[in-house]
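Chemist: To be precise about what I am sending: the file is called protein23.cif and holds mmCIF, N, CA and C atoms.
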```cif
data_final
#
loop_
_atom_site.label_atom_id
_atom_site.label_comp_id
_atom_site.auth_asym_id
_atom_site.auth_seq_id
_atom_site.Cartn_x
_atom_site.Cartn_y
_atom_site.Cartn_z
N MET A 13 6.38 14.40 -16.27
CA MET A 13 5.66 13.21 -16.66
C MET A 13 4.15 13.55 -16.64
N VAL A 14 3.48 13.19 -17.73
CA VAL A 14 2.04 13.45 -17.84
C VAL A 14 1.34 12.10 -17.82
N ILE A 15 0.41 11.94 -16.92
CA ILE A 15 -0.37 10.71 -16.82
C ILE A 15 -1.79 11.04 -17.26
N PHE A 16 -2.26 10.27 -18.24
CA PHE A 16 -3.62 10.49 -18.74
C PHE A 16 -4.43 9.24 -18.44
N ASP A 17 -5.45 9.39 -17.69
CA ASP A 17 -6.30 8.26 -17.31
C ASP A 17 -7.54 8.27 -18.18
N GLU A 18 -7.63 7.28 -19.12
CA GLU A 18 -8.76 7.25 -20.05
C GLU A 18 -10.06 6.90 -19.37
N SER A 19 -10.01 6.22 -18.24
CA SER A 19 -11.25 5.83 -17.59
C SER A 19 -12.03 7.04 -17.08
N ARG A 20 -11.37 8.15 -16.91
CA ARG A 20 -12.07 9.35 -16.46
C ARG A 20 -12.66 10.14 -17.63
N HIS A 21 -12.34 9.71 -18.87
CA HIS A 21 -12.84 10.40 -20.05
C HIS A 21 -13.53 9.37 -20.96
N PRO A 22 -14.70 8.93 -20.59
CA PRO A 22 -15.37 7.90 -21.39
C PRO A 22 -15.77 8.44 -22.76
N GLN A 23 -15.69 7.55 -23.73
CA GLN A 23 -16.13 7.92 -25.07
C GLN A 23 -17.53 7.35 -25.27
N ASN A 24 -18.34 8.07 -25.99
CA ASN A 24 -19.72 7.62 -26.17
C ASN A 24 -19.80 6.64 -27.34
N ALA A 25 -19.73 5.38 -27.01
CA ALA A 25 -19.90 4.30 -27.97
C ALA A 25 -21.08 3.47 -27.51
N LEU A 26 -22.18 3.61 -28.21
CA LEU A 26 -23.43 2.98 -27.78
C LEU A 26 -23.31 1.46 -27.71
N LEU A 27 -22.66 0.84 -28.70
CA LEU A 27 -22.55 -0.62 -28.68
C LEU A 27 -21.66 -1.10 -27.55
N ALA A 28 -20.58 -0.40 -27.29
CA ALA A 28 -19.69 -0.80 -26.20
C ALA A 28 -20.39 -0.67 -24.86
N ASP A 29 -21.13 0.43 -24.67
CA ASP A 29 -21.87 0.60 -23.42
C ASP A 29 -22.95 -0.46 -23.27
N SER A 30 -23.63 -0.78 -24.36
CA SER A 30 -24.67 -1.81 -24.31
C SER A 30 -24.08 -3.16 -23.95
N TYR A 31 -22.95 -3.50 -24.60
CA TYR A 31 -22.29 -4.76 -24.31
C TYR A 31 -21.86 -4.83 -22.84
N ASN A 32 -21.26 -3.75 -22.35
CA ASN A 32 -20.82 -3.74 -20.95
C ASN A 32 -21.99 -3.87 -19.98
N THR A 33 -23.10 -3.24 -20.30
CA THR A 33 -24.29 -3.33 -19.44
C THR A 33 -24.84 -4.75 -19.43
N VAL A 34 -24.97 -5.34 -20.61
CA VAL A 34 -25.49 -6.72 -20.70
C VAL A 34 -24.55 -7.67 -19.98
N TYR A 35 -23.25 -7.50 -20.18
CA TYR A 35 -22.28 -8.37 -19.53
C TYR A 35 -22.34 -8.22 -18.00
N PHE A 36 -22.46 -6.98 -17.54
CA PHE A 36 -22.56 -6.74 -16.09
C PHE A 36 -23.80 -7.43 -15.51
N LEU A 37 -24.94 -7.30 -16.21
CA LEU A 37 -26.17 -7.92 -15.71
C LEU A 37 -26.05 -9.45 -15.71
N LEU A 38 -25.44 -10.00 -16.76
CA LEU A 38 -25.26 -11.45 -16.80
C LEU A 38 -24.34 -11.93 -15.68
N VAL A 39 -23.25 -11.20 -15.45
CA VAL A 39 -22.33 -11.57 -14.37
C VAL A 39 -23.03 -11.45 -13.03
N TYR A 40 -23.84 -10.41 -12.87
CA TYR A 40 -24.54 -10.18 -11.59
C TYR A 40 -25.51 -11.32 -11.28
N PHE A 41 -26.24 -11.77 -12.33
CA PHE A 41 -27.27 -12.79 -12.09
C PHE A 41 -26.78 -14.22 -12.24
N THR A 42 -25.70 -14.46 -13.01
CA THR A 42 -25.30 -15.85 -13.25
C THR A 42 -23.90 -16.17 -12.75
N GLY A 43 -22.96 -15.36 -13.03
CA GLY A 43 -21.56 -15.65 -12.72
C GLY A 43 -20.72 -15.35 -13.94
N GLU A 44 -19.43 -15.15 -13.77
CA GLU A 44 -18.60 -14.70 -14.88
C GLU A 44 -18.45 -15.76 -15.98
N GLY A 45 -18.24 -17.00 -15.59
CA GLY A 45 -18.06 -18.06 -16.59
C GLY A 45 -19.29 -18.26 -17.45
N LEU A 46 -20.45 -18.33 -16.82
CA LEU A 46 -21.69 -18.53 -17.58
C LEU A 46 -22.01 -17.31 -18.43
N ALA A 47 -21.71 -16.11 -17.94
CA ALA A 47 -21.95 -14.90 -18.73
C ALA A 47 -21.09 -14.91 -19.99
N MET A 48 -19.83 -15.29 -19.86
CA MET A 48 -18.95 -15.35 -21.03
C MET A 48 -19.45 -16.41 -22.01
N LEU A 49 -19.90 -17.55 -21.51
CA LEU A 49 -20.43 -18.60 -22.37
C LEU A 49 -21.68 -18.14 -23.11
N LEU A 50 -22.59 -17.49 -22.42
CA LEU A 50 -23.82 -17.02 -23.06
C LEU A 50 -23.53 -15.97 -24.12
N LEU A 51 -22.64 -15.03 -23.83
CA LEU A 51 -22.31 -14.03 -24.83
C LEU A 51 -21.60 -14.64 -26.03
N PHE A 52 -20.75 -15.63 -25.79
CA PHE A 52 -20.10 -16.31 -26.90
C PHE A 52 -21.12 -17.03 -27.77
N LEU A 53 -22.08 -17.71 -27.15
CA LEU A 53 -23.11 -18.42 -27.92
C LEU A 53 -23.96 -17.46 -28.74
N VAL A 54 -24.32 -16.33 -28.15
CA VAL A 54 -25.10 -15.33 -28.89
C VAL A 54 -24.29 -14.81 -30.07
N LEU A 55 -23.02 -14.52 -29.86
CA LEU A 55 -22.16 -14.05 -30.94
C LEU A 55 -22.01 -15.11 -32.03
N PHE A 56 -21.83 -16.36 -31.63
CA PHE A 56 -21.69 -17.46 -32.58
C PHE A 56 -22.95 -17.63 -33.42
N VAL A 57 -24.11 -17.62 -32.78
CA VAL A 57 -25.37 -17.79 -33.50
C VAL A 57 -25.59 -16.61 -34.45
N THR A 58 -25.22 -15.42 -34.03
CA THR A 58 -25.36 -14.25 -34.90
C THR A 58 -24.48 -14.38 -36.14
N PHE A 59 -23.24 -14.78 -35.97
CA PHE A 59 -22.36 -14.96 -37.12
C PHE A 59 -22.85 -16.08 -38.04
N GLU A 60 -23.37 -17.15 -37.47
CA GLU A 60 -23.93 -18.23 -38.29
C GLU A 60 -25.12 -17.73 -39.09
N ALA A 61 -25.96 -16.92 -38.49
CA ALA A 61 -27.11 -16.36 -39.21
C ALA A 61 -26.65 -15.48 -40.37
N VAL A 62 -25.60 -14.72 -40.16
CA VAL A 62 -25.06 -13.87 -41.23
C VAL A 62 -24.51 -14.74 -42.35
N LEU A 63 -23.79 -15.81 -41.99
CA LEU A 63 -23.23 -16.68 -43.01
C LEU A 63 -24.31 -17.42 -43.80
N LEU A 64 -25.39 -17.81 -43.12
CA LEU A 64 -26.46 -18.51 -43.82
C LEU A 64 -27.19 -17.59 -44.80
N LYS A 65 -27.28 -16.32 -44.47
CA LYS A 65 -27.97 -15.37 -45.33
C LYS A 65 -27.11 -14.89 -46.50
N LYS A 66 -25.78 -15.10 -46.42
CA LYS A 66 -24.88 -14.60 -47.46
C LYS A 66 -25.11 -15.37 -48.75
N ARG A 67 -25.28 -14.64 -49.84
CA ARG A 67 -25.50 -15.27 -51.14
C ARG A 67 -24.17 -15.50 -51.84
N ASP A 68 -24.12 -16.54 -52.65
CA ASP A 68 -22.91 -16.82 -53.41
C ASP A 68 -22.79 -15.81 -54.55
N PRO A 69 -21.58 -15.35 -54.83
CA PRO A 69 -21.41 -14.41 -55.95
C PRO A 69 -21.68 -15.10 -57.28
N GLU A 70 -22.06 -14.34 -58.27
CA GLU A 70 -22.47 -14.90 -59.56
C GLU A 70 -21.36 -15.63 -60.29
N PRO A 71 -20.13 -15.13 -60.39
CA PRO A 71 -19.12 -15.85 -61.17
C PRO A 71 -18.47 -17.01 -60.43
N TRP A 72 -19.09 -17.49 -59.35
CA TRP A 72 -18.51 -18.54 -58.53
C TRP A 72 -18.50 -19.87 -59.28
N ARG A 73 -17.39 -20.61 -59.17
CA ARG A 73 -17.28 -21.96 -59.73
C ARG A 73 -16.63 -22.85 -58.70
N HIS A 74 -17.12 -24.05 -58.59
CA HIS A 74 -16.49 -25.01 -57.71
C HIS A 74 -15.84 -26.06 -58.59
N VAL A 75 -14.54 -26.18 -58.52
CA VAL A 75 -13.80 -26.99 -59.48
C VAL A 75 -13.87 -28.48 -59.16
N PHE A 76 -14.00 -28.85 -57.90
CA PHE A 76 -13.78 -30.24 -57.55
C PHE A 76 -15.04 -31.07 -57.36
N SER A 77 -16.19 -30.47 -57.26
CA SER A 77 -17.39 -31.31 -57.14
C SER A 77 -18.59 -30.60 -57.71
N ILE A 78 -19.54 -31.40 -58.14
CA ILE A 78 -20.83 -30.89 -58.61
C ILE A 78 -21.87 -31.59 -57.76
N ILE A 79 -22.77 -30.84 -57.19
CA ILE A 79 -23.77 -31.42 -56.29
C ILE A 79 -24.82 -32.16 -57.11
N TYR A 80 -25.19 -33.33 -56.61
CA TYR A 80 -26.21 -34.15 -57.27
C TYR A 80 -27.58 -33.52 -57.09
N TYR A 81 -28.37 -33.52 -58.14
CA TYR A 81 -29.73 -33.01 -58.06
C TYR A 81 -30.65 -34.10 -57.52
N GLY A 82 -31.34 -33.84 -56.48
CA GLY A 82 -32.31 -34.79 -55.97
C GLY A 82 -33.26 -34.10 -55.02
N PHE A 83 -34.52 -34.36 -55.15
CA PHE A 83 -35.57 -33.90 -54.24
C PHE A 83 -35.42 -32.44 -53.83
N GLY A 84 -35.48 -31.55 -54.81
CA GLY A 84 -35.47 -30.12 -54.50
C GLY A 84 -34.11 -29.48 -54.53
N ASP A 85 -33.05 -30.22 -54.83
CA ASP A 85 -31.73 -29.61 -54.86
C ASP A 85 -31.61 -28.57 -55.97
N ALA A 86 -32.36 -28.75 -57.05
CA ALA A 86 -32.28 -27.78 -58.14
C ALA A 86 -32.79 -26.42 -57.69
N ASN A 87 -33.72 -26.40 -56.75
CA ASN A 87 -34.22 -25.12 -56.23
C ASN A 87 -33.25 -24.54 -55.21
N ARG A 88 -32.62 -25.38 -54.41
CA ARG A 88 -31.68 -24.90 -53.41
C ARG A 88 -30.39 -24.41 -54.04
N TYR A 89 -29.91 -25.10 -55.05
CA TYR A 89 -28.64 -24.75 -55.68
C TYR A 89 -28.90 -24.28 -57.11
N THR A 90 -29.56 -23.14 -57.24
CA THR A 90 -29.94 -22.68 -58.58
C THR A 90 -28.73 -22.32 -59.42
N TYR A 91 -27.60 -21.97 -58.79
CA TYR A 91 -26.43 -21.65 -59.60
C TYR A 91 -25.86 -22.89 -60.25
N TYR A 92 -26.22 -24.10 -59.78
CA TYR A 92 -25.78 -25.32 -60.45
C TYR A 92 -26.70 -25.68 -61.61
N ALA A 93 -27.87 -25.07 -61.67
CA ALA A 93 -28.83 -25.43 -62.71
C ALA A 93 -28.46 -24.83 -64.05
N LYS A 94 -27.47 -23.98 -64.09
CA LYS A 94 -27.06 -23.36 -65.35
C LYS A 94 -26.02 -24.26 -66.01
N SER A 95 -26.34 -24.70 -67.22
CA SER A 95 -25.45 -25.66 -67.89
C SER A 95 -24.09 -25.04 -68.21
N GLU A 96 -24.02 -23.73 -68.39
CA GLU A 96 -22.74 -23.10 -68.69
C GLU A 96 -21.78 -23.21 -67.51
N LYS A 97 -22.30 -23.07 -66.30
CA LYS A 97 -21.44 -23.21 -65.12
C LYS A 97 -20.98 -24.66 -64.96
N ILE A 98 -21.87 -25.60 -65.22
CA ILE A 98 -21.49 -27.02 -65.13
C ILE A 98 -20.43 -27.33 -66.20
N ARG A 99 -20.56 -26.75 -67.37
CA ARG A 99 -19.57 -26.93 -68.43
C ARG A 99 -18.20 -26.38 -67.99
N GLN A 100 -18.20 -25.20 -67.35
CA GLN A 100 -16.94 -24.63 -66.87
C GLN A 100 -16.30 -25.53 -65.82
N VAL A 101 -17.11 -26.07 -64.93
CA VAL A 101 -16.59 -26.97 -63.90
C VAL A 101 -16.01 -28.23 -64.55
N PHE A 102 -16.73 -28.78 -65.51
CA PHE A 102 -16.25 -29.99 -66.16
C PHE A 102 -14.94 -29.74 -66.92
N LEU A 103 -14.87 -28.64 -67.63
CA LEU A 103 -13.64 -28.35 -68.37
C LEU A 103 -12.47 -28.11 -67.41
N SER A 104 -12.73 -27.49 -66.27
CA SER A 104 -11.67 -27.33 -65.27
C SER A 104 -11.23 -28.68 -64.72
N LYS A 105 -12.18 -29.59 -64.56
CA LYS A 105 -11.86 -30.93 -64.07
C LYS A 105 -10.99 -31.67 -65.10
N VAL A 106 -11.34 -31.55 -66.37
CA VAL A 106 -10.55 -32.19 -67.42
C VAL A 106 -9.14 -31.62 -67.43
N ARG A 107 -9.03 -30.30 -67.35
CA ARG A 107 -7.72 -29.64 -67.36
C ARG A 107 -6.89 -30.07 -66.15
N ASN A 108 -7.50 -30.11 -64.97
CA ASN A 108 -6.77 -30.48 -63.75
C ASN A 108 -6.31 -31.93 -63.78
N GLN A 109 -7.18 -32.83 -64.24
CA GLN A 109 -6.81 -34.25 -64.23
C GLN A 109 -5.73 -34.58 -65.24
N ASN A 110 -5.58 -33.74 -66.26
CA ASN A 110 -4.54 -33.98 -67.25
C ASN A 110 -3.31 -33.12 -67.03
N GLY A 111 -3.29 -32.35 -65.96
CA GLY A 111 -2.11 -31.57 -65.59
C GLY A 111 -1.75 -30.48 -66.59
N LEU A 112 -2.74 -29.86 -67.18
CA LEU A 112 -2.48 -28.82 -68.18
C LEU A 112 -2.63 -27.44 -67.54
N THR A 113 -1.84 -26.50 -68.02
CA THR A 113 -2.03 -25.12 -67.59
C THR A 113 -3.21 -24.54 -68.35
N ARG A 114 -3.68 -23.38 -67.91
CA ARG A 114 -4.80 -22.75 -68.61
C ARG A 114 -4.44 -22.41 -70.06
N GLU A 115 -3.23 -21.93 -70.28
CA GLU A 115 -2.81 -21.56 -71.62
C GLU A 115 -2.74 -22.79 -72.54
N GLU A 116 -2.18 -23.89 -72.02
CA GLU A 116 -2.12 -25.12 -72.82
C GLU A 116 -3.52 -25.63 -73.13
N PHE A 117 -4.39 -25.55 -72.14
CA PHE A 117 -5.74 -26.07 -72.33
C PHE A 117 -6.52 -25.24 -73.35
N HIS A 118 -6.39 -23.93 -73.28
CA HIS A 118 -7.13 -23.07 -74.21
C HIS A 118 -6.55 -23.15 -75.62
N ALA A 119 -5.29 -23.48 -75.75
CA ALA A 119 -4.67 -23.60 -77.07
C ALA A 119 -4.93 -24.97 -77.71
N MET A 120 -5.50 -25.90 -76.96
CA MET A 120 -5.72 -27.26 -77.44
C MET A 120 -6.85 -27.29 -78.49
N PRO A 121 -6.65 -27.98 -79.61
CA PRO A 121 -7.72 -28.11 -80.60
C PRO A 121 -8.86 -28.99 -80.05
N ALA A 122 -10.04 -28.81 -80.63
CA ALA A 122 -11.23 -29.54 -80.16
C ALA A 122 -11.05 -31.05 -80.31
N LYS A 123 -10.34 -31.48 -81.35
CA LYS A 123 -10.13 -32.92 -81.57
C LYS A 123 -9.36 -33.53 -80.41
N ASP A 124 -8.35 -32.82 -79.91
CA ASP A 124 -7.58 -33.33 -78.78
C ASP A 124 -8.41 -33.33 -77.49
N LEU A 125 -9.26 -32.32 -77.35
CA LEU A 125 -10.14 -32.26 -76.18
C LEU A 125 -11.10 -33.44 -76.16
N VAL A 126 -11.67 -33.77 -77.32
CA VAL A 126 -12.56 -34.93 -77.41
C VAL A 126 -11.81 -36.21 -77.07
N ALA A 127 -10.56 -36.31 -77.50
CA ALA A 127 -9.75 -37.49 -77.19
C ALA A 127 -9.46 -37.57 -75.69
N LEU A 128 -9.25 -36.42 -75.03
CA LEU A 128 -9.02 -36.42 -73.59
C LEU A 128 -10.26 -36.86 -72.82
N ILE A 129 -11.42 -36.38 -73.28
CA ILE A 129 -12.66 -36.70 -72.57
C ILE A 129 -13.04 -38.17 -72.78
N ASN A 130 -12.97 -38.64 -74.01
CA ASN A 130 -13.20 -40.04 -74.35
C ASN A 130 -14.60 -40.52 -73.94
N ASP A 131 -15.58 -39.64 -74.04
CA ASP A 131 -16.98 -39.97 -73.77
C ASP A 131 -17.81 -39.10 -74.72
N PRO A 132 -18.56 -39.71 -75.64
CA PRO A 132 -19.25 -38.90 -76.66
C PRO A 132 -20.27 -37.92 -76.08
N VAL A 133 -20.99 -38.31 -75.05
CA VAL A 133 -22.00 -37.42 -74.46
C VAL A 133 -21.33 -36.23 -73.79
N LEU A 134 -20.29 -36.50 -73.01
CA LEU A 134 -19.59 -35.40 -72.32
C LEU A 134 -18.81 -34.53 -73.30
N ALA A 135 -18.28 -35.13 -74.36
CA ALA A 135 -17.58 -34.33 -75.36
C ALA A 135 -18.54 -33.38 -76.06
N LYS A 136 -19.74 -33.88 -76.39
CA LYS A 136 -20.75 -33.01 -77.00
C LYS A 136 -21.15 -31.90 -76.03
N PHE A 137 -21.31 -32.25 -74.75
CA PHE A 137 -21.67 -31.25 -73.74
C PHE A 137 -20.58 -30.18 -73.60
N ALA A 138 -19.32 -30.60 -73.67
CA ALA A 138 -18.21 -29.66 -73.49
C ALA A 138 -18.01 -28.74 -74.69
N ILE A 139 -18.29 -29.24 -75.88
CA ILE A 139 -17.96 -28.49 -77.10
C ILE A 139 -19.15 -27.73 -77.67
N GLU A 140 -20.33 -28.33 -77.66
CA GLU A 140 -21.50 -27.70 -78.28
C GLU A 140 -22.43 -27.14 -77.20
N PRO A 141 -22.47 -25.83 -77.03
CA PRO A 141 -23.40 -25.26 -76.05
C PRO A 141 -24.84 -25.36 -76.56
N SER A 142 -25.71 -25.89 -75.72
CA SER A 142 -27.14 -25.96 -76.06
C SER A 142 -27.93 -25.98 -74.76
N ARG A 143 -29.23 -25.83 -74.88
CA ARG A 143 -30.09 -25.81 -73.69
C ARG A 143 -30.41 -27.24 -73.28
N TYR A 144 -30.39 -27.49 -71.98
CA TYR A 144 -30.66 -28.82 -71.45
C TYR A 144 -31.82 -28.73 -70.48
N SER A 145 -32.66 -29.76 -70.49
CA SER A 145 -33.72 -29.85 -69.48
C SER A 145 -33.10 -30.30 -68.17
N LEU A 146 -33.90 -30.26 -67.10
CA LEU A 146 -33.39 -30.67 -65.80
C LEU A 146 -32.96 -32.14 -65.81
N GLU A 147 -33.73 -32.99 -66.48
CA GLU A 147 -33.39 -34.41 -66.54
C GLU A 147 -32.09 -34.63 -67.30
N GLN A 148 -31.91 -33.90 -68.41
CA GLN A 148 -30.67 -34.03 -69.18
C GLN A 148 -29.48 -33.52 -68.36
N THR A 149 -29.69 -32.43 -67.62
CA THR A 149 -28.61 -31.90 -66.78
C THR A 149 -28.24 -32.88 -65.70
N VAL A 150 -29.23 -33.52 -65.09
CA VAL A 150 -28.95 -34.53 -64.07
C VAL A 150 -28.14 -35.67 -64.66
N ALA A 151 -28.51 -36.12 -65.86
CA ALA A 151 -27.77 -37.21 -66.51
C ALA A 151 -26.33 -36.80 -66.81
N VAL A 152 -26.14 -35.57 -67.26
CA VAL A 152 -24.79 -35.09 -67.56
C VAL A 152 -23.97 -34.98 -66.28
N VAL A 153 -24.57 -34.46 -65.22
CA VAL A 153 -23.85 -34.33 -63.95
C VAL A 153 -23.43 -35.69 -63.42
N LYS A 154 -24.32 -36.68 -63.52
CA LYS A 154 -23.96 -38.04 -63.09
C LYS A 154 -22.80 -38.59 -63.91
N ARG A 155 -22.81 -38.33 -65.22
CA ARG A 155 -21.71 -38.81 -66.06
C ARG A 155 -20.41 -38.10 -65.73
N ILE A 156 -20.50 -36.81 -65.41
CA ILE A 156 -19.29 -36.05 -65.03
C ILE A 156 -18.70 -36.63 -63.75
N LYS A 157 -19.56 -36.91 -62.79
CA LYS A 157 -19.06 -37.47 -61.52
C LYS A 157 -18.44 -38.84 -61.74
N ALA A 158 -19.00 -39.65 -62.63
CA ALA A 158 -18.45 -40.98 -62.89
C ALA A 158 -17.23 -40.90 -63.81
N TRP A 159 -17.10 -39.83 -64.58
CA TRP A 159 -16.01 -39.73 -65.56
C TRP A 159 -14.63 -39.71 -64.88
N GLY A 160 -14.48 -39.02 -63.82
CA GLY A 160 -13.17 -38.92 -63.17
C GLY A 160 -12.75 -40.18 -62.45
N ARG A 161 -13.67 -41.08 -62.18
CA ARG A 161 -13.37 -42.28 -61.38
C ARG A 161 -12.93 -43.45 -62.23
N THR A 162 -13.22 -43.43 -63.53
CA THR A 162 -12.88 -44.58 -64.37
C THR A 162 -11.52 -44.45 -64.98
#
```
Show the structure stored in the file as structure tokens.
Modeler:
Amino acid sequence: MVIFDESRHPQNALLADSYNTVYFLLVYFTGEGLAMLLLFLVLFVTFEAVLLKKRDPEPWRHVFSIIYYGFGDANRYTYYAKSEKIRQVFLSKVRNQNGLTREEFHAMPAKDLVALINDPVLAKFAIEPSRYSLEQTVAVVKRIKAWGRT
């Protein structure tokens, strides 16, 4: 029988040694429960900072809601300021509310799509790509949000 004791053969891992040293000092000065709580809080805040700094990927679409523009939201949510992305979200909303598959929806003629939308402004927005000012985009977004509720 061969017994190998790993504690006698430490591996040089700088982060593990640093963590053990910090934990030992915290336990020495505060107590084990408070040391665990403090390390958990530091870890939690670090992960939150990483998540806050993470940027959204470019092809991202949110199917179920469009954020309202108000008091600087256009600067905070610049990926919503692109009318093409808002158009994709709206078309996904139309497809989902009518229970169509992607293939059925893409095979649908424009006349049927206009009949499904039943709103001339939104139908024009969905079918004819054009540039919109911020005020026009806000008006379209408000109509899109109200469209699903009626």
Chemist: Hey, can you check how far atom N of Arg161 in chain A sits from atom N of Ala135 in chain A?
Modeler: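 So the two atoms, atom N of Arg161 in chain A and atom N of Ala135 in chain A, lie 14.3 Å apart.
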Chemist: Residues within 9 Å of Leu125 in chain A, please, as a list in words. Count only C-alpha atoms; anything in the same chain fewer than 6 positions from it doesn't count.
Modeler: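 In the requested form, the answer reads Val106, Phe117, Ala135, Ala138 and Ile139 of chain A.
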Chemist: Could you tell me how far atom N of Phe52 in chain A lies from atom N of Leu26 in chain A, in Å and to one decimal?
Modeler: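 Pair atom N of Phe52 in chain A / atom N of Leu26 in chain A returns 19.4 Å.
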Chemist: Rounded to one decimal in Å, what is the spacing between atom C of Gly160 in chain A and atom N of Ile98 in chain A?
Modeler: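 Computing it gives 17.4 Å between the two atoms.
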